[in-house]
$ cat my_file.tsv   # TSV, C-alpha atoms and all ligand atoms
chain	number	residue	atom	x	y	z
X	1	MET	CA	65.95	162.46	157.40
X	2	PRO	CA	63.13	160.31	158.85
X	3	MET	CA	63.85	156.86	160.24
X	4	ILE	CA	63.35	153.98	157.80
X	5	ARG	CA	62.63	150.42	158.91
X	6	GLU	CA	63.37	147.57	156.50
X	7	THR	CA	60.30	145.33	156.38
X	8	ILE	CA	58.47	142.82	154.25
X	9	VAL	CA	55.22	144.40	153.09
X	10	THR	CA	52.25	142.22	152.22
X	11	THR	CA	49.45	143.62	150.05
X	12	MET	CA	46.52	142.09	148.16
X	13	SER	CA	44.95	142.58	144.73
X	14	ALA	CA	41.20	143.04	144.17
X	15	SER	CA	40.99	139.34	143.28
X	16	GLY	CA	42.70	138.35	146.54
X	17	ALA	CA	46.19	137.54	145.21
X	18	VAL	CA	48.77	138.26	147.92
X	19	HIS	CA	51.95	140.15	146.99
X	20	ILE	CA	55.09	140.04	149.15
X	21	ALA	CA	57.89	142.62	148.69
X	22	PRO	CA	60.62	144.24	150.82
X	23	PHE	CA	60.13	147.95	151.51
X	24	GLY	CA	61.88	150.48	153.67
X	25	ILE	CA	58.84	152.00	155.36
X	26	ILE	CA	59.27	155.60	156.44
X	27	ALA	CA	58.38	156.84	159.94
X	28	GLU	CA	55.96	159.79	159.78
X	29	GLY	CA	54.28	160.81	163.02
X	30	ASP	CA	52.49	157.79	164.49
X	31	GLY	CA	52.30	156.05	161.13
X	32	TRP	CA	54.37	154.60	158.31
X	33	THR	CA	54.69	155.69	154.69
X	34	ILE	CA	55.17	153.12	151.91
X	35	ALA	CA	56.86	154.72	148.87
X	36	PRO	CA	57.19	152.33	145.90
X	37	PHE	CA	58.80	153.39	142.63
X	38	ARG	CA	56.64	152.86	139.53
X	39	PRO	CA	55.81	150.39	138.09
X	40	SER	CA	54.90	148.37	141.15
X	41	ALA	CA	52.44	145.62	142.03
X	42	THR	CA	52.35	147.11	145.53
X	43	ILE	CA	51.08	150.43	144.12
X	44	ASP	CA	48.35	148.67	142.14
X	45	ASN	CA	47.34	146.61	145.19
X	46	LEU	CA	47.25	149.57	147.59
X	47	HIS	CA	44.92	151.41	145.20
X	48	ALA	CA	42.67	148.33	144.92
X	49	VAL	CA	42.75	147.21	148.58
X	50	PRO	CA	43.98	150.10	150.78
X	51	PHE	CA	45.53	147.99	153.53
X	52	ALA	CA	48.99	146.48	154.08
X	53	VAL	CA	50.94	144.55	156.68
X	54	ALA	CA	54.47	145.56	157.66
X	55	ASN	CA	56.10	142.28	158.64
X	56	TYR	CA	59.14	142.43	160.93
X	57	THR	CA	61.38	139.45	160.26
X	58	ASP	CA	65.02	138.57	160.79
X	59	ASP	CA	64.77	135.71	158.26
X	60	VAL	CA	66.78	137.45	155.55
X	61	ARG	CA	65.95	134.70	153.06
X	62	VAL	CA	62.61	136.51	152.57
X	63	PHE	CA	64.40	139.75	151.57
X	64	ALA	CA	66.83	137.93	149.27
X	65	GLY	CA	64.14	135.54	148.03
X	66	CYS	CA	61.77	138.29	146.88
X	67	LEU	CA	64.59	139.85	144.84
X	68	THR	CA	65.54	136.51	143.24
X	69	GLY	CA	62.16	135.13	142.16
X	70	ARG	CA	61.33	133.33	145.42
X	71	ARG	CA	58.20	135.18	146.60
X	72	ASP	CA	56.17	132.22	147.78
X	73	TRP	CA	56.55	132.60	151.56
X	74	PRO	CA	53.82	131.22	153.87
X	75	VAL	CA	51.18	133.74	154.96
X	76	THR	CA	48.37	133.62	157.48
X	77	ALA	CA	45.35	135.81	158.25
X	78	ALA	CA	46.00	139.13	159.99
X	79	ASP	CA	43.81	140.20	162.93
X	80	ARG	CA	42.10	143.42	161.76
X	81	VAL	CA	42.88	143.97	158.05
X	82	PRO	CA	41.92	141.83	155.03
X	83	VAL	CA	45.56	141.48	153.90
X	84	PRO	CA	47.43	138.45	155.30
X	85	ARG	CA	50.72	138.65	157.20
X	86	LEU	CA	53.88	136.58	156.88
X	87	ALA	CA	53.43	133.41	158.94
X	88	GLY	CA	57.08	133.52	160.03
X	89	ALA	CA	57.17	137.19	161.10
X	90	LEU	CA	58.55	137.94	164.58
X	91	ALA	CA	56.03	140.79	164.82
X	92	HIS	CA	53.84	142.78	162.48
X	93	ALA	CA	51.91	146.04	162.15
X	94	GLU	CA	48.59	146.18	160.31
X	95	LEU	CA	48.28	149.34	158.24
X	96	ALA	CA	45.37	151.23	156.66
X	97	VAL	CA	46.10	153.74	153.90
X	98	ALA	CA	45.10	157.15	155.27
X	99	ASP	CA	46.02	159.22	152.21
X	100	VAL	CA	48.04	159.03	149.01
X	101	VAL	CA	50.50	161.64	147.75
X	102	GLU	CA	50.46	160.94	144.01
X	103	ASP	CA	53.70	161.27	142.08
X	104	ALA	CA	54.71	160.27	138.55
X	105	GLU	CA	57.78	158.41	139.82
X	106	ARG	CA	57.22	157.48	143.47
X	107	PRO	CA	53.78	157.95	145.10
X	108	ARG	CA	53.64	157.91	148.90
X	109	PHE	CA	51.00	155.88	150.72
X	110	ARG	CA	50.65	157.35	154.21
X	111	CYS	CA	49.34	154.66	156.53
X	112	ARG	CA	48.02	154.59	160.07
X	113	VAL	CA	48.67	151.62	162.33
X	114	VAL	CA	45.43	149.83	163.18
X	115	HIS	CA	46.93	146.90	165.10
X	116	ARG	CA	50.28	145.43	166.19
X	117	ALA	CA	51.21	141.95	167.40
X	118	SER	CA	54.31	139.98	168.38
X	119	HIS	CA	54.78	136.31	167.62
X	120	ALA	CA	58.34	135.21	168.47
X	121	PRO	CA	61.36	136.61	170.35
X	122	PHE	CA	63.97	138.70	168.56
X	123	GLU	CA	67.27	136.89	169.20
X	124	GLY	CA	69.70	139.74	168.58
X	125	LEU	CA	71.68	141.42	165.83
X	126	ASN	CA	73.84	139.59	163.30
X	127	ARG	CA	76.20	141.23	160.81
X	128	ALA	CA	75.50	138.71	158.06
X	129	LYS	CA	71.76	139.44	158.25
X	130	ALA	CA	72.48	143.16	157.85
X	131	ALA	CA	74.85	142.39	154.96
X	132	VAL	CA	72.19	140.33	153.16
X	133	VAL	CA	69.65	143.16	153.50
X	134	GLU	CA	72.21	145.61	152.05
X	135	ALA	CA	73.02	143.23	149.21
X	136	ALA	CA	69.30	142.76	148.47
X	137	ILE	CA	68.98	146.54	148.12
X	138	LEU	CA	71.96	146.52	145.70
X	139	VAL	CA	70.30	143.74	143.68
X	140	SER	CA	67.10	145.80	143.48
X	141	ARG	CA	69.21	148.58	141.85
X	142	LEU	CA	71.30	146.50	139.41
X	143	ASP	CA	69.92	148.47	136.45
X	144	ARG	CA	70.70	151.84	138.08
X	145	LEU	CA	74.16	151.39	139.66
X	146	PRO	CA	77.51	150.93	137.90
X	147	ARG	CA	78.91	147.40	137.92
X	148	GLU	CA	82.13	148.54	139.67
X	149	ARG	CA	80.12	149.86	142.62
X	150	ILE	CA	77.98	146.71	142.87
X	151	GLU	CA	81.08	144.51	142.85
X	152	ALA	CA	82.98	146.65	145.37
X	153	GLU	CA	80.05	146.77	147.80
X	154	MET	CA	79.32	143.04	147.44
X	155	ALA	CA	83.00	142.28	148.14
X	156	SER	CA	82.89	144.40	151.29
X	157	LEU	CA	79.62	142.83	152.51
X	158	ALA	CA	81.02	139.33	151.87
X	159	THR	CA	83.40	139.75	154.82
X	160	ALA	CA	80.54	139.97	157.32
X	161	VAL	CA	78.84	136.99	155.68
X	162	ASP	CA	82.04	134.89	155.77
X	163	LYS	CA	82.63	135.72	159.43
X	164	THR	CA	79.13	135.61	160.95
X	165	ALA	CA	76.56	133.83	158.72
X	166	GLY	CA	74.45	130.87	159.77
X	167	PRO	CA	72.87	128.51	157.19
X	168	GLU	CA	69.93	130.83	156.41
X	169	GLU	CA	72.18	133.83	155.76
X	170	GLN	CA	74.53	131.70	153.62
X	171	GLU	CA	71.61	130.49	151.52
X	172	ALA	CA	70.22	134.03	151.09
X	173	TRP	CA	73.69	135.37	150.19
X	174	GLY	CA	74.15	132.63	147.59
X	175	TRP	CA	70.87	133.58	145.87
X	176	LEU	CA	71.95	137.21	145.65
X	177	VAL	CA	75.47	136.49	144.37
X	178	GLU	CA	74.03	134.18	141.71
X	179	LYS	CA	71.55	136.88	140.66
X	180	VAL	CA	74.33	139.47	140.28
X	181	TRP	CA	76.45	137.18	138.09
X	182	ARG	CA	73.44	136.06	136.05
X	183	TYR	CA	72.46	139.71	135.45
X	184	TYR	CA	75.89	140.62	134.03
X	185	ALA	CA	76.13	137.35	132.10
X	186	GLU	CA	72.75	137.99	130.45
X	187	ARG	CA	73.97	141.46	129.41
X	188	GLY	CA	77.08	139.85	127.93
X	189	ASP	CA	79.42	141.66	130.37
X	190	ILE	CA	80.88	138.40	131.73
X	191	THR	CA	81.11	134.79	130.67
X	192	ILE	CA	80.36	132.12	133.24
X	193	VAL	CA	82.18	128.85	132.58
X	194	PRO	CA	81.69	126.23	135.34
X	195	GLY	CA	84.38	126.93	137.93
X	196	THR	CA	85.44	130.30	136.52
X	197	ILE	CA	84.04	133.75	135.79
X	198	THR	CA	85.68	135.79	133.04
X	199	SER	CA	85.23	139.57	132.79
X	200	ARG	CA	85.04	141.10	129.31
X	301	LIG	C1	65.46	146.21	152.13
X	301	LIG	C2	64.77	146.67	150.88
X	301	LIG	C3	64.04	147.87	150.88
X	301	LIG	C4	63.39	148.32	149.72
X	301	LIG	N1	62.67	149.48	149.75
X	301	LIG	C5	62.04	149.91	148.63
X	301	LIG	C6	61.29	151.12	148.62
X	301	LIG	O1	61.16	151.82	149.64
X	301	LIG	N2	60.68	151.49	147.45
X	301	LIG	C7	60.77	150.72	146.31
X	301	LIG	O2	60.20	151.06	145.29
X	301	LIG	N3	61.48	149.56	146.30
X	301	LIG	C8	62.11	149.15	147.42
X	301	LIG	N4	62.82	147.98	147.39
X	301	LIG	C9	62.82	147.17	146.15
X	301	LIG	C10	61.48	146.42	146.02
X	301	LIG	O3	61.35	145.44	147.05
X	301	LIG	C11	61.36	145.72	144.70
X	301	LIG	O4	61.68	146.56	143.63
X	301	LIG	C12	59.94	145.22	144.56
X	301	LIG	O5	59.87	144.33	143.51
X	301	LIG	C13	58.95	146.38	144.42
X	301	LIG	O6	58.12	146.25	143.34
X	301	LIG	P1	56.69	145.53	143.45
X	301	LIG	O7	55.78	146.39	144.30
X	301	LIG	O8	56.23	145.43	142.04
X	301	LIG	O9	56.95	144.18	144.07
X	301	LIG	C14	63.49	147.54	148.54
X	301	LIG	C15	64.23	146.36	148.54
X	301	LIG	C16	64.88	145.93	149.68
X	301	LIG	C17	65.66	144.65	149.65
$ encode --input "my_file.tsv" --output "structure tokens"
Amino acid sequence: MPMIRETIVTTMSASGAVHIAPFGIIAEGDGWTIAPFRPSATIDNLHAVPFAVANYTDDVRVFAGCLTGRRDWPVTAADRVPVPRLAGALAHAELAVADVVEDAERPRFRCRVVHRASHAPFEGLNRAKAAVVEAAILVSRLDRLPRERIEAEMASLATAVDKTAGPEEQEAWGWLVEKVWRYYAERGDITIVPGTITSR
């Protein structure tokens, strides 16, 4: 299996609207492959404007935020491609689409790196950050995974958050937990009464 790096990908529509979404970009030779499932604004944008920025950030609120309706993160111009980068990224890689492997379910946009830059020091690993990224992936699959598995994995990830989170990780975790409960409440699987949650 190739190495996958969890990033925030910025893309742009033909009219210049910036789209921000987490993607696990796939290492292939010297480049990176972006493989979004359909339907996807990222797919539409990469066809319209064949450039992207892979933003490397340890601010896990961006991962959790994008999955919970909070996509409005500050961006700034990139150096060599027309698509902006995340203003708060520790580092970024500017990508140009080299070719597209079309697929009915999950096309693959093979990209070459045209430029890289670093902006701020990486301050080390943190278990709560990793847990938030894992939970964000679970939230992106709420419609495809059984509720028992979501709840068991969230309960396991909560330990790392309880033990090691700072304020940013706590905020991001809270958004994800709320999204999970809201999803099952909207389906009628649970009832949320202030202070209690009742399973049906
Ligand atoms: C860490 C992380 C990695 C993800 N990687 C992928 C991916 O490789 N492909 C994909 O389709 N969605 C991935 N997702 C889910 C997308 O971010 C989410 O579905 C997003 O809205 C994509 O659709 P869009 O292009 O319309 O924004 C990932 C989510 C997270 C949190």
$ residues_near_ligand --input "my_file.tsv" --ligand "ligand LIG 301 (chain X)" --cutoff "6 Å" --atoms "all atoms listed in the file" --output "PyMOL selection string"
chain X and resi 6+21-24+35-37+40-42+63+133+136-137+140
$ write_last_selection --input "my_file.tsv" --atoms "C-alpha atoms" --output "CSV table (one decimal), keeping the file's coordinate frame"
chain,number,residue,atom,x,y,z
X,6,GLU,CA,63.4,147.6,156.5
X,21,ALA,CA,57.9,142.6,148.7
X,22,PRO,CA,60.6,144.2,150.8
X,23,PHE,CA,60.1,148.0,151.5
X,24,GLY,CA,61.9,150.5,153.7
X,35,ALA,CA,56.9,154.7,148.9
X,36,PRO,CA,57.2,152.3,145.9
X,37,PHE,CA,58.8,153.4,142.6
X,40,SER,CA,54.9,148.4,141.2
X,41,ALA,CA,52.4,145.6,142.0
X,42,THR,CA,52.4,147.1,145.5
X,63,PHE,CA,64.4,139.8,151.6
X,133,VAL,CA,69.6,143.2,153.5
X,136,ALA,CA,69.3,142.8,148.5
X,137,ILE,CA,69.0,146.5,148.1
X,140,SER,CA,67.1,145.8,143.5
$ residues_around --input "my_file.tsv" --residues "region 28-32 of chain X" --least-positions-apart "4" --cutoff "6 Å" --atoms "all atoms listed in the file" --output "list in words"
Cys111, Arg112 and Val113 of chain X
$ atom_distance --input "my_file.tsv" --atom1 "CA of Val62 (chain X)" --atom2 "CA of Thr10 (chain X)"
11.8 Å
$ residues_around --input "my_file.tsv" --residues "Ala160 (chain X)" --least-positions-apart "5" --cutoff "12 Å" --atoms "only C-alpha atoms" --output "NGL selection string"
:X and (126-135 or 153-155 or 165-166 or 169-170 or 173)
$ closest_residue --input "my_file.tsv" --among "X:Ile190, X:Ala120, X:Ala52, X:Ile43" --to "Val101 (chain X)" --atoms "all atoms listed in the file"
X:Ile43
$ axis_aligned_box --input "my_file.tsv" --around "region 163-179 of chain X" --padding-each-side "4 Å" --output "AutoDock Vina command-line options"
--center_x 76.3 --center_y 132.9 --center_z 150.8 --size_x 20.7 --size_y 16.7 --size_z 28.3
$ atom_distance --input "my_file.tsv" --atom1 "CA of Gly88 (chain X)" --atom2 "CA of Leu125 (chain X)"
17.6 Å
$ closest_residue --input "my_file.tsv" --among "X:Ile20, X:Leu157, X:Ser118, X:Arg149" --to "Gly69 (chain X)" --atoms "all atoms listed in the file"
X:Ile20
$ atom_distance --input "my_file.tsv" --atom1 "CA of Cys66 (chain X)" --atom2 "CA of His19 (chain X)"
10.0 Å
$ residues_around --input "my_file.tsv" --residues "Thr33 (chain X)" --least-positions-apart "5" --cutoff "6 Å" --atoms "all atoms listed in the file" --output "ChimeraX atom specification"
/X:25-26,109-111
$ closest_residue --input "my_file.tsv" --among "X:Asp143, X:Asp99, X:Asp44, X:Glu148" --to "Tyr183 (chain X)" --atoms "all atoms listed in the file"
X:Asp143
$ closest_residue --input "my_file.tsv" --among "X:Val177, X:Ile150, X:Met3, X:Met12" --to "Thr68 (chain X)" --atoms "all atoms listed in the file"
X:Val177
$ residues_around --input "my_file.tsv" --residues "Phe51 (chain X)" --least-positions-apart "2" --cutoff "6 Å" --atoms "only C-alpha atoms" --output "ChimeraX atom specification"
/X:49,95-97
$ closest_residue --input "my_file.tsv" --among "X:Ala172, X:Met1, X:Ile34, X:Val180" --to "Ala98 (chain X)" --atoms "all atoms listed in the file"
X:Ile34
$ closest_residue --input "my_file.tsv" --among "X:Ala117, X:Val60, X:Arg38, X:Pro84" --to "Val9 (chain X)" --atoms "all atoms listed in the file"
X:Pro84
